[in-house]
$ cat final09.csv   # CSV, C-alpha atoms
chain,number,residue,atom,x,y,z
A,102,MET,CA,0.0,0.0,0.0
A,103,ALA,CA,1.5,3.4,-1.1
A,104,LEU,CA,1.9,6.2,1.4
A,105,THR,CA,0.4,9.6,1.0
A,106,PRO,CA,2.8,12.6,0.8
A,107,GLU,CA,1.8,13.6,4.3
A,108,GLU,CA,2.4,10.1,5.6
A,109,LYS,CA,5.8,10.0,3.9
A,110,ARG,CA,6.7,13.4,5.4
A,111,LYS,CA,5.7,12.3,8.9
A,112,PHE,CA,7.6,9.0,8.4
A,113,LEU,CA,10.8,10.8,7.4
A,114,LYS,CA,10.4,13.3,10.3
A,115,ALA,CA,10.0,10.4,12.7
A,116,LEU,CA,13.2,8.8,11.4
A,117,GLU,CA,15.1,12.1,11.9
A,118,GLU,CA,13.8,12.9,15.4
A,119,ASP,CA,12.9,9.6,17.0
A,120,GLU,CA,16.1,7.5,17.5
A,121,GLU,CA,14.2,4.5,18.9
A,122,PHE,CA,11.9,4.5,15.8
A,123,ARG,CA,14.9,4.8,13.5
A,124,LEU,CA,16.6,1.8,15.0
A,125,ALA,CA,13.3,-0.2,14.9
A,126,VAL,CA,13.1,0.5,11.1
A,127,ALA,CA,16.7,-0.5,10.6
A,128,GLY,CA,16.0,-3.8,12.4
A,129,ALA,CA,12.9,-4.4,10.3
A,130,ILE,CA,14.7,-4.1,7.0
A,131,GLY,CA,17.6,-6.4,8.1
A,132,LEU,CA,20.3,-3.9,8.6
A,133,GLY,CA,21.3,-5.6,11.9
A,134,GLU,CA,22.3,-8.8,10.0
A,135,VAL,CA,24.3,-6.8,7.5
A,136,LEU,CA,26.2,-5.1,10.4
A,137,LYS,CA,26.7,-8.4,12.1
A,138,GLU,CA,28.3,-9.8,8.9
A,139,LEU,CA,30.6,-6.8,8.6
A,140,ARG,CA,31.6,-7.2,12.3
A,141,ASP,CA,32.4,-10.9,11.7
A,142,LEU,CA,34.5,-10.1,8.7
A,143,ARG,CA,36.4,-7.5,10.7
A,144,ALA,CA,36.9,-9.9,13.6
A,145,GLN,CA,38.3,-12.6,11.3
A,146,SER,CA,40.6,-10.0,9.6
A,147,GLU,CA,41.8,-8.9,13.0
A,148,ARG,CA,42.6,-12.5,14.1
A,149,TRP,CA,44.6,-13.0,10.9
A,150,GLN,CA,46.4,-9.7,11.6
A,151,ARG,CA,47.3,-10.7,15.2
A,152,ARG,CA,48.5,-14.1,14.0
A,153,TRP,CA,50.7,-12.5,11.4
A,154,ASN,CA,52.0,-9.9,14.0
A,155,ARG,CA,53.1,-12.7,16.3
A,156,THR,CA,54.9,-14.7,13.6
A,157,TRP,CA,56.6,-11.5,12.3
A,158,LYS,CA,57.6,-10.5,15.8
A,159,ALA,CA,59.1,-13.9,16.5
A,160,PHE,CA,61.0,-13.8,13.2
A,161,LEU,CA,62.4,-10.3,13.9
A,162,GLN,CA,63.5,-11.4,17.4
A,163,GLU,CA,65.3,-14.5,16.1
A,164,ASN,CA,66.9,-12.6,13.2
A,165,ASN,CA,68.1,-9.8,15.6
A,166,LYS,CA,69.5,-12.4,18.0
A,167,ARG,CA,71.5,-14.0,15.1
A,168,TRP,CA,72.8,-10.7,13.9
A,169,GLU,CA,73.8,-9.8,17.5
A,170,GLU,CA,75.7,-13.1,17.9
A,171,ASN,CA,77.3,-12.5,14.5
A,172,GLU,CA,78.4,-9.0,15.6
A,173,ARG,CA,79.8,-10.4,18.9
A,174,ARG,CA,81.9,-13.0,17.1
A,175,TRP,CA,83.2,-10.4,14.7
A,176,LEU,CA,84.1,-8.1,17.7
A,177,GLU,CA,85.9,-11.1,19.4
A,178,TRP,CA,87.8,-11.9,16.3
A,179,TYR,CA,88.7,-8.2,15.7
A,180,GLU,CA,89.9,-7.9,19.3
A,181,ASN,CA,92.1,-11.0,18.9
A,182,TRP,CA,93.4,-9.7,15.6
A,183,ARG,CA,94.2,-6.3,17.1
A,184,LYS,CA,96.1,-7.9,20.0
A,185,PHE,CA,98.0,-10.0,17.5
A,186,LEU,CA,98.9,-6.9,15.5
A,187,GLU,CA,100.0,-5.1,18.7
A,188,GLU,CA,102.1,-8.1,19.8
A,189,ASN,CA,103.6,-8.5,16.4
A,190,SER,CA,104.4,-4.8,16.1
A,191,ARG,CA,106.0,-4.9,19.6
A,192,ARG,CA,108.2,-7.8,18.7
A,193,TRP,CA,109.3,-6.2,15.5
A,194,GLU,CA,110.0,-3.0,17.4
A,195,GLU,CA,112.0,-5.0,19.9
A,196,ASN,CA,113.9,-6.6,17.0
A,197,GLU,CA,114.5,-3.2,15.5
A,198,ARG,CA,115.8,-1.8,18.8
A,199,ARG,CA,118.2,-4.7,19.2
A,200,TRP,CA,119.5,-4.2,15.6
A,201,GLN,CA,119.9,-0.5,16.4
A,202,ASP,CA,121.8,-1.4,19.6
A,203,TRP,CA,124.0,-3.9,17.7
A,204,TYR,CA,124.6,-1.4,14.9
A,205,LYS,CA,125.5,1.3,17.5
A,206,THR,CA,128.0,-1.2,19.1
A,207,TRP,CA,129.4,-2.2,15.7
A,208,LYS,CA,129.8,1.5,14.8
A,209,GLN,CA,131.7,2.1,18.0
A,210,PHE,CA,133.9,-0.9,17.3
A,211,LEU,CA,134.7,0.4,13.8
A,212,GLU,CA,135.4,3.9,15.2
A,213,GLU,CA,137.6,2.5,17.9
A,214,ASN,CA,139.4,0.1,15.5
A,215,ASN,CA,140.0,2.9,13.0
A,216,LYS,CA,141.2,5.1,15.8
A,217,ARG,CA,143.7,2.3,16.9
A,218,TRP,CA,144.9,1.8,13.3
A,219,GLU,CA,145.4,5.6,13.0
A,220,GLU,CA,147.3,5.6,16.2
A,221,ASN,CA,149.4,2.7,15.0
A,222,GLU,CA,150.1,4.6,11.7
A,223,ARG,CA,151.0,7.7,13.7
A,224,LYS,CA,153.5,5.7,15.8
A,225,TRP,CA,155.0,4.0,12.7
A,226,ARG,CA,155.5,7.5,11.2
A,227,GLU,CA,157.1,8.7,14.4
A,228,TRP,CA,159.3,5.6,14.5
A,229,TYR,CA,160.2,6.2,10.8
A,230,GLU,CA,161.2,9.8,11.6
A,231,THR,CA,163.3,8.6,14.5
A,232,TRP,CA,164.8,5.9,12.3
A,233,LYS,CA,165.6,8.4,9.6
A,234,LYS,CA,167.2,10.7,12.1
A,235,PHE,CA,169.0,7.7,13.5
A,236,LEU,CA,170.4,6.9,10.0
A,237,GLU,CA,171.5,10.4,9.5
A,238,GLU,CA,173.1,10.5,12.9
A,239,ASN,CA,174.6,7.1,12.3
A,240,ASN,CA,176.2,8.2,9.0
A,241,ARG,CA,177.5,11.3,10.6
A,242,ARG,CA,178.9,9.2,13.4
A,243,TRP,CA,180.5,6.8,11.0
A,244,GLU,CA,182.1,9.8,9.3
A,245,GLU,CA,183.1,11.1,12.6
A,246,ASN,CA,184.2,7.6,13.5
A,247,GLU,CA,186.4,7.4,10.5
A,248,LYS,CA,188.0,10.6,11.4
A,249,ARG,CA,188.5,9.4,14.9
A,250,TRP,CA,189.6,6.0,13.6
A,251,GLN,CA,192.5,7.7,12.1
A,252,GLU,CA,193.1,9.7,15.2
A,253,TRP,CA,192.3,6.9,17.7
A,254,TYR,CA,193.9,4.0,16.0
A,255,LYS,CA,196.2,3.7,18.9
A,256,THR,CA,193.2,3.2,21.2
A,257,TRP,CA,191.6,0.5,18.9
A,258,LYS,CA,192.6,-2.3,21.0
A,259,GLU,CA,190.9,-0.7,24.0
A,260,PHE,CA,188.0,0.0,21.8
A,261,LEU,CA,187.8,-3.6,20.7
A,262,GLU,CA,187.8,-4.8,24.2
A,263,GLU,CA,185.2,-2.3,25.1
A,264,ASN,CA,183.2,-3.1,22.0
A,265,ASN,CA,183.3,-6.8,22.8
A,266,LYS,CA,182.1,-6.1,26.2
A,267,ARG,CA,179.2,-4.0,24.8
A,268,TRP,CA,178.3,-6.8,22.3
A,269,GLU,CA,178.2,-9.3,25.0
A,270,GLU,CA,175.9,-7.0,26.9
A,271,ASN,CA,173.9,-6.6,23.8
A,272,GLU,CA,173.7,-10.3,23.4
A,273,LYS,CA,172.5,-10.6,26.9
A,274,ARG,CA,169.8,-8.0,26.2
A,275,TRP,CA,168.7,-9.8,23.0
A,276,ARG,CA,168.3,-13.0,24.9
A,277,ASP,CA,166.3,-11.1,27.5
A,278,TRP,CA,164.2,-9.6,24.7
A,279,HIS,CA,163.8,-13.0,23.1
A,280,GLU,CA,162.4,-14.4,26.3
A,281,THR,CA,160.0,-11.5,26.5
A,282,TRP,CA,159.0,-12.0,22.9
A,283,LYS,CA,158.5,-15.7,23.4
A,284,ARG,CA,156.2,-15.0,26.3
A,285,PHE,CA,154.3,-12.4,24.2
A,286,LEU,CA,153.8,-14.9,21.4
A,287,GLU,CA,152.5,-17.5,23.9
A,288,GLU,CA,150.2,-15.0,25.5
A,289,ASN,CA,149.1,-13.7,22.1
A,290,ASN,CA,148.3,-17.3,20.9
A,291,LYS,CA,146.5,-17.9,24.1
A,292,ARG,CA,144.3,-14.8,23.4
A,293,TRP,CA,143.6,-15.8,19.8
A,294,GLU,CA,142.6,-19.3,21.0
A,295,GLU,CA,140.3,-17.7,23.5
A,296,ASN,CA,138.9,-15.5,20.8
A,297,GLU,CA,138.4,-18.5,18.6
A,298,ARG,CA,136.7,-20.4,21.4
A,299,ARG,CA,134.3,-17.4,21.9
A,300,TRP,CA,133.5,-17.3,18.2
A,301,LEU,CA,132.7,-21.0,18.3
A,302,GLU,CA,130.4,-20.5,21.3
A,303,TRP,CA,128.7,-17.6,19.6
A,304,TYR,CA,128.3,-19.7,16.4
A,305,GLU,CA,126.7,-22.4,18.4
A,306,THR,CA,124.4,-19.9,20.0
A,307,TRP,CA,123.6,-18.4,16.5
A,308,LYS,CA,123.0,-21.9,15.2
A,309,LYS,CA,120.6,-22.6,18.0
A,310,PHE,CA,118.9,-19.3,17.4
A,311,LEU,CA,118.4,-20.1,13.7
A,312,GLU,CA,117.0,-23.6,14.6
A,313,GLU,CA,114.7,-22.1,17.2
A,314,ASN,CA,113.6,-19.3,14.9
A,315,SER,CA,112.9,-21.9,12.1
A,316,ARG,CA,110.9,-24.0,14.6
A,317,ARG,CA,108.9,-21.0,15.6
A,318,TRP,CA,108.1,-20.0,12.0
A,319,GLU,CA,107.1,-23.7,11.3
A,320,GLU,CA,104.9,-23.6,14.4
A,321,ASN,CA,103.5,-20.3,13.2
A,322,GLU,CA,102.8,-21.8,9.8
A,323,LYS,CA,101.2,-24.8,11.4
A,324,ARG,CA,98.9,-22.5,13.4
A,325,TRP,CA,98.0,-20.5,10.3
A,326,ARG,CA,97.1,-23.7,8.5
A,327,GLU,CA,95.0,-24.8,11.5
A,328,TRP,CA,93.3,-21.4,11.7
A,329,TYR,CA,92.7,-21.5,7.9
A,330,GLU,CA,91.2,-25.0,8.2
A,331,THR,CA,88.9,-23.7,11.0
A,332,TRP,CA,88.1,-20.6,9.0
A,333,ARG,CA,87.3,-22.8,5.9
A,334,LYS,CA,85.0,-25.0,8.0
A,335,PHE,CA,83.4,-21.9,9.5
A,336,LEU,CA,82.7,-20.5,6.0
A,337,GLU,CA,81.2,-23.9,4.9
A,338,GLU,CA,79.0,-24.1,8.0
A,339,ASN,CA,78.0,-20.4,7.6
A,340,ASN,CA,77.1,-20.9,3.9
A,341,LYS,CA,75.2,-24.0,4.9
A,342,ARG,CA,73.3,-22.1,7.5
A,343,TRP,CA,72.6,-19.2,5.1
A,344,GLU,CA,71.4,-21.7,2.5
A,345,GLU,CA,69.1,-23.3,5.1
A,346,ASN,CA,68.0,-19.8,6.1
A,347,GLU,CA,67.3,-19.0,2.4
A,348,LYS,CA,65.3,-22.3,2.1
A,349,ARG,CA,63.2,-21.4,5.2
A,350,ARG,CA,62.7,-17.9,3.8
A,351,LEU,CA,61.5,-19.3,0.5
A,352,GLU,CA,59.2,-21.7,2.3
A,353,TRP,CA,57.9,-18.8,4.5
A,354,TYR,CA,57.5,-16.6,1.4
A,355,LYS,CA,55.5,-19.4,-0.2
A,356,THR,CA,53.3,-19.7,2.9
A,357,TRP,CA,53.0,-15.9,3.0
A,358,ALA,CA,52.1,-15.8,-0.7
A,359,GLU,CA,49.4,-18.4,-0.1
A,360,PHE,CA,48.2,-16.5,2.9
A,361,GLN,CA,48.1,-13.3,0.9
A,362,GLU,CA,46.2,-15.1,-1.9
A,363,ASP,CA,43.7,-16.5,0.5
A,364,TYR,CA,43.5,-13.1,2.3
A,365,ARG,CA,42.9,-11.3,-1.1
A,366,LYS,CA,40.2,-13.8,-2.0
A,367,ARG,CA,38.5,-13.3,1.3
A,368,TRP,CA,38.7,-9.5,0.9
A,369,ASP,CA,37.5,-9.7,-2.7
A,370,GLU,CA,34.6,-11.8,-1.5
A,371,ALA,CA,34.0,-9.4,1.4
A,372,ASN,CA,34.3,-6.4,-1.0
A,373,LYS,CA,31.7,-8.0,-3.3
A,374,LYS,CA,29.4,-8.4,-0.3
A,375,PHE,CA,30.2,-4.9,0.7
A,376,GLN,CA,29.4,-3.6,-2.8
A,377,TRP,CA,26.1,-5.5,-2.7
A,378,LEU,CA,25.4,-4.1,0.7
A,379,MET,CA,26.2,-0.6,-0.4
A,380,SER,CA,24.0,-0.9,-3.4
A,381,ALA,CA,21.2,-2.2,-1.1
A,382,LEU,CA,21.7,0.6,1.4
A,383,GLU,CA,21.7,3.4,-1.2
A,384,ASP,CA,17.9,3.3,-1.2
A,385,ILE,CA,17.7,3.6,2.6
A,386,ARG,CA,20.7,5.8,3.5
A,387,ASP,CA,18.9,9.1,3.2
A,388,ALA,CA,16.1,7.9,5.4
A,389,LEU,CA,18.5,6.6,8.1
A,390,GLY,CA,20.8,9.7,8.2
A,391,GLY,CA,23.7,8.0,6.3
A,392,GLY,CA,23.3,10.4,3.4
A,393,PHE,CA,25.0,13.2,5.5
A,394,GLU,CA,28.4,11.6,5.0
A,395,TYR,CA,28.0,11.5,1.2
A,396,TYR,CA,26.7,15.1,1.4
A,397,THR,CA,29.8,16.1,3.3
A,398,ALA,CA,32.0,14.3,0.7
A,399,ARG,CA,30.4,16.3,-2.1
A,400,VAL,CA,30.8,19.6,-0.2
A,401,VAL,CA,34.5,18.9,0.4
A,402,GLU,CA,35.1,18.0,-3.3
A,403,ALA,CA,33.3,21.2,-4.4
A,404,SER,CA,35.3,23.3,-1.9
A,405,LEU,CA,38.7,21.8,-3.1
A,406,LYS,CA,37.7,22.3,-6.7
A,407,GLU,CA,37.2,26.0,-6.0
A,408,ARG,CA,40.8,26.0,-4.9
A,409,GLY,CA,41.9,24.3,-8.2
A,410,VAL,CA,42.4,20.9,-6.5
A,411,GLU,CA,40.8,17.8,-7.9
A,412,CYS,CA,40.1,15.2,-5.3
A,413,SER,CA,37.8,12.0,-5.2
A,414,VAL,CA,36.7,11.9,-1.6
A,415,ARG,CA,35.6,8.4,-0.3
A,416,VAL,CA,33.3,7.7,2.5
A,417,ASN,CA,33.6,5.1,5.4
A,418,VAL,CA,37.2,4.0,4.6
A,419,THR,CA,39.0,1.3,6.8
A,420,LEU,CA,42.8,2.1,7.0
A,421,PRO,CA,45.1,-0.9,7.9
A,422,VAL,CA,47.2,1.0,10.5
A,423,ASP,CA,47.9,-0.5,13.9
A,424,GLY,CA,45.2,-3.0,13.2
A,425,PHE,CA,42.3,-1.2,11.5
A,426,LYS,CA,41.1,2.4,11.7
A,427,GLU,CA,37.8,3.6,10.3
A,428,VAL,CA,37.7,7.1,8.8
A,429,ASP,CA,34.4,8.7,7.7
A,430,ILE,CA,35.9,11.0,5.0
A,431,PHE,CA,39.2,10.1,3.2
A,432,CYS,CA,41.2,11.2,0.1
A,433,PRO,CA,44.8,10.0,-0.3
A,434,GLN,CA,46.0,12.6,-2.8
A,435,PRO,CA,46.0,15.3,-1.6
A,436,LEU,CA,45.5,13.9,1.9
A,437,VAL,CA,42.0,14.9,3.2
A,438,VAL,CA,40.7,13.4,6.4
A,439,GLY,CA,37.3,14.0,8.1
A,440,GLU,CA,34.9,12.8,10.7
A,441,VAL,CA,31.1,12.9,10.5
A,442,SER,CA,28.6,12.8,13.3
A,443,VAL,CA,24.8,12.8,13.1
A,444,ALA,CA,24.3,14.5,16.5
A,445,VAL,CA,26.5,16.2,19.1
A,446,ARG,CA,24.7,17.1,22.2
A,447,THR,CA,27.3,18.4,24.7
A,448,ALA,CA,30.7,20.2,24.8
A,449,GLU,CA,32.2,16.9,26.0
A,450,GLU,CA,30.9,15.1,22.9
A,451,ALA,CA,32.4,17.9,20.8
A,452,GLU,CA,35.8,17.4,22.4
A,453,GLY,CA,35.5,13.7,21.9
A,454,LEU,CA,34.7,14.2,18.1
A,455,ILE,CA,37.7,16.5,17.7
A,456,GLU,CA,40.0,13.9,19.4
A,457,GLN,CA,38.6,11.2,17.1
A,458,LEU,CA,39.5,13.5,14.1
A,459,ARG,CA,43.1,13.8,15.5
A,460,ARG,CA,43.5,10.0,15.7
A,461,SER,CA,42.2,9.6,12.1
A,462,VAL,CA,44.6,12.2,10.8
A,463,GLN,CA,47.5,10.5,12.6
A,464,ALA,CA,46.5,7.1,11.1
A,465,ALA,CA,46.2,8.5,7.6
A,466,GLU,CA,49.5,10.3,7.7
A,467,LYS,CA,51.2,7.1,9.0
A,468,LEU,CA,49.7,5.1,6.2
A,469,THR,CA,50.4,7.5,3.3
A,470,GLY,CA,53.6,9.1,4.6
A,471,SER,CA,52.1,12.6,3.6
A,472,LYS,CA,51.0,15.7,5.6
A,473,THR,CA,47.3,16.4,5.8
A,474,TYR,CA,46.1,18.9,3.2
A,475,ALA,CA,42.7,19.4,4.7
A,476,LYS,CA,40.8,18.4,7.9
A,477,VAL,CA,37.0,18.2,7.9
A,478,LEU,CA,34.6,18.0,10.8
A,479,ALA,CA,30.9,17.6,9.9
A,480,VAL,CA,27.9,17.5,12.3
A,481,GLU,CA,24.3,17.2,11.2
A,482,PHE,CA,22.6,18.2,14.4
A,483,ALA,CA,24.2,20.1,17.4
A,484,SER,CA,23.0,21.9,20.4
A,485,GLN,CA,24.0,25.5,20.8
A,486,GLU,CA,26.5,24.7,23.5
A,487,ALA,CA,28.0,21.9,21.4
A,488,ALA,CA,28.0,24.1,18.2
A,489,GLU,CA,29.9,26.9,20.0
A,490,ARG,CA,32.5,24.4,21.3
A,491,LEU,CA,32.8,22.8,17.9
A,492,LYS,CA,33.5,26.2,16.2
A,493,LYS,CA,36.2,27.0,18.7
A,494,LEU,CA,37.9,23.6,18.5
A,495,ALA,CA,37.7,23.5,14.7
A,496,GLU,CA,39.4,26.9,14.5
A,497,GLU,CA,42.2,25.8,16.9
A,498,GLU,CA,42.7,22.6,15.0
A,499,GLY,CA,42.6,24.3,11.6
A,500,ALA,CA,39.7,22.1,10.4
A,501,LEU,CA,36.8,22.9,8.1
A,502,LEU,CA,33.6,22.7,10.1
A,503,ILE,CA,30.3,21.7,8.3
A,504,LEU,CA,27.4,22.3,10.6
A,505,GLY,CA,23.9,21.2,9.8
A,506,ARG,CA,21.3,22.5,12.2
A,507,GLU,CA,21.5,23.9,15.7
A,508,TYR,CA,18.8,23.4,18.3
A,509,PRO,CA,18.4,25.3,21.6
A,510,ARG,CA,18.3,22.3,24.0
A,511,PRO,CA,19.9,18.9,24.0
A,512,TYR,CA,17.9,15.7,23.7

$ encode --input "final09.csv" --output "structure tokens"
Amino acid sequence: MALTPEEKRKFLKALEEDEEFRLAVAGAIGLGEVLKELRDLRAQSERWQRRWNRTWKAFLQENNKRWEENERRWLEWYENWRKFLEENSRRWEENERRWQDWYKTWKQFLEENNKRWEENERKWREWYETWKKFLEENNRRWEENEKRWQEWYKTWKEFLEENNKRWEENEKRWRDWHETWKRFLEENNKRWEENERRWLEWYETWKKFLEENSRRWEENEKRWREWYETWRKFLEENNKRWEENEKRRLEWYKTWAEFQEDYRKRWDEANKKFQWLMSALEDIRDALGGGFEYYTARVVEASLKERGVECSVRVNVTLPVDGFKEVDIFCPQPLVVGEVSVAVRTAEEAEGLIEQLRRSVQAAEKLTGSKTYAKVLAVEFASQEAAERLKKLAEEEGALLILGREYPRPY
């Protein structure tokens, strides 16, 4: 049976003013079942999200633990390597210092030896000058002797006796010198034998040093080979672990792809149901007050178009941020976020609505990585008290306020 225009007007007015009647009509047309289906879909999606969050969190903890262990091993190896370099440098510095000390001693020996040879040369030259003078003096004396020979021939006999005496004394001195020379030779041979013995001892020590040094280098080579073998095994084991890790990652990726495919199918199915529900609700949204959100979206599009900005504003969008966040008005580019309420009765409800807008803006910015271009706050019915508070809060927040009707007293 068709309603008269007056009955339709009263029916629509009752829907606007009588909340109990409006809910009764919604239940009569089956909207409750639709909302229940939507809630079930949301609950199922949240369970999948929580399960994924737990799996991903466990993977991140295990992965961080392995990288921390890897970092610790690298630090231990680096510390051992640094100590080895310091010890090796210290040994080479000690070796260099010993060489410097030996070179200093060798230099002093050469200087002292040269000094002694120079002294010996100087003494030989002095002796040669003395010898030269002696020869000159001797010739002069022989000349003088010849002269005296002629003069002292008579005393020759006495001279011979005296001369024999002197030669005997000289012979005696030569014998004494010969004994001294013999002792010198014996002592000198003894010293050279001692020197030879010391050289032999030093040679034995040097030979032992070479043997010990060779043994140490062989031991060092052995340790390097053992370390290389350990390092090779480590690389093989590490590669094996990374291959196993890659295998697990591929298996996980396959599982994740299957999950995504199943998840996508479910969302496609849910979206189809949602499209069907939206189509079914288009006929009743104006009567139930839902048309105000679409009205707000058209107003925002027109307002942005006046500024030269094209934007397709969507209504009732669910953002996958920290679970799921529902936003009444949403446009990703440029970023427009808004909240819509049918009725705001008190100043406290106005403050709650502005706080809800802030949370929606935060979620949208986190999802898109962009700054909000415009914030929208739309209210269909508001008391005078709530309207005044909304105007002040919207101005402070920098939001566009779309206000429907004000009434003097709250419900």

$ closest_residue --input "final09.csv" --among "A:Gly409, A:Glu269, A:Trp218, A:Glu370" --to "Leu139 (chain A)" --atoms "all atoms listed in the file"
A:Glu370

$ atom_distance --input "final09.csv" --atom1 "CA of Gly439 (chain A)" --atom2 "CA of Arg143 (chain A)"
21.7 Å

$ residues_around --input "final09.csv" --residues "Glu486 (chain A)" --least-positions-apart "2" --cutoff "7 Å" --atoms "all atoms listed in the file" --output "ChimeraX atom specification"
/A:447-448,484,488-490

$ atom_distance --input "final09.csv" --atom1 "CA of Leu436 (chain A)" --atom2 "CA of Ala464 (chain A)"
11.5 Å

$ atom_distance --input "final09.csv" --atom1 "CA of Arg446 (chain A)" --atom2 "CA of Ala495 (chain A)"
16.3 Å

$ residues_around --input "final09.csv" --residues "region 417-426 of chain A" --least-positions-apart "5" --cutoff "8 Å" --atoms "only C-alpha atoms" --output "PyMOL selection string"
chain A and resi 147+150+431+461+464-465+467-468

$ build_atoms --input "final09.csv" --residues "region 226-241 of chain A" --atoms "N, CA and C atoms" --output "PDB file, in the coordinates of the input"
ATOM      1  N   ARG A 226     154.876   6.260  11.810  1.00  0.00           N
ATOM      2  CA  ARG A 226     155.500   7.500  11.200  1.00  0.00           C
ATOM      3  C   ARG A 226     156.502   8.103  12.149  1.00  0.00           C
ATOM      4  N   GLU A 227     156.159   8.174  13.413  1.00  0.00           N
ATOM      5  CA  GLU A 227     157.100   8.700  14.400  1.00  0.00           C
ATOM      6  C   GLU A 227     158.371   7.871  14.463  1.00  0.00           C
ATOM      7  N   TRP A 228     158.122   6.527  14.427  1.00  0.00           N
ATOM      8  CA  TRP A 228     159.300   5.600  14.500  1.00  0.00           C
ATOM      9  C   TRP A 228     160.162   5.830  13.223  1.00  0.00           C
ATOM     10  N   TYR A 229     159.421   6.002  12.056  1.00  0.00           N
ATOM     11  CA  TYR A 229     160.200   6.200  10.800  1.00  0.00           C
ATOM     12  C   TYR A 229     160.990   7.462  10.867  1.00  0.00           C
ATOM     13  N   GLU A 230     160.443   8.539  11.409  1.00  0.00           N
ATOM     14  CA  GLU A 230     161.200   9.800  11.600  1.00  0.00           C
ATOM     15  C   GLU A 230     162.389   9.599  12.471  1.00  0.00           C
ATOM     16  N   THR A 231     162.139   8.861  13.542  1.00  0.00           N
ATOM     17  CA  THR A 231     163.300   8.600  14.500  1.00  0.00           C
ATOM     18  C   THR A 231     164.324   7.749  13.784  1.00  0.00           C
ATOM     19  N   TRP A 232     163.817   6.752  13.003  1.00  0.00           N
ATOM     20  CA  TRP A 232     164.800   5.900  12.300  1.00  0.00           C
ATOM     21  C   TRP A 232     165.559   6.685  11.252  1.00  0.00           C
ATOM     22  N   LYS A 233     164.897   7.603  10.584  1.00  0.00           N
ATOM     23  CA  LYS A 233     165.600   8.400   9.600  1.00  0.00           C
ATOM     24  C   LYS A 233     166.639   9.309  10.271  1.00  0.00           C
ATOM     25  N   LYS A 234     166.237   9.874  11.402  1.00  0.00           N
ATOM     26  CA  LYS A 234     167.200  10.700  12.100  1.00  0.00           C
ATOM     27  C   LYS A 234     168.373   9.832  12.631  1.00  0.00           C
ATOM     28  N   PHE A 235     167.961   8.590  13.027  1.00  0.00           N
ATOM     29  CA  PHE A 235     169.000   7.700  13.500  1.00  0.00           C
ATOM     30  C   PHE A 235     170.013   7.387  12.365  1.00  0.00           C
ATOM     31  N   LEU A 236     169.494   7.149  11.145  1.00  0.00           N
ATOM     32  CA  LEU A 236     170.400   6.900  10.000  1.00  0.00           C
ATOM     33  C   LEU A 236     171.294   8.059   9.718  1.00  0.00           C
ATOM     34  N   GLU A 237     170.692   9.213   9.724  1.00  0.00           N
ATOM     35  CA  GLU A 237     171.500  10.400   9.500  1.00  0.00           C
ATOM     36  C   GLU A 237     172.574  10.586  10.545  1.00  0.00           C
ATOM     37  N   GLU A 238     172.104  10.413  11.767  1.00  0.00           N
ATOM     38  CA  GLU A 238     173.100  10.500  12.900  1.00  0.00           C
ATOM     39  C   GLU A 238     174.115   9.455  12.812  1.00  0.00           C
ATOM     40  N   ASN A 239     173.668   8.259  12.392  1.00  0.00           N
ATOM     41  CA  ASN A 239     174.600   7.100  12.300  1.00  0.00           C
ATOM     42  C   ASN A 239     175.666   7.384  11.229  1.00  0.00           C
ATOM     43  N   ASN A 240     175.235   7.921  10.081  1.00  0.00           N
ATOM     44  CA  ASN A 240     176.200   8.200   9.000  1.00  0.00           C
ATOM     45  C   ASN A 240     177.193   9.301   9.484  1.00  0.00           C
ATOM     46  N   ARG A 241     176.569  10.261  10.139  1.00  0.00           N
ATOM     47  CA  ARG A 241     177.500  11.300  10.600  1.00  0.00           C
ATOM     48  C   ARG A 241     178.469  10.747  11.614  1.00  0.00           C
TER      49      ARG A 241
END
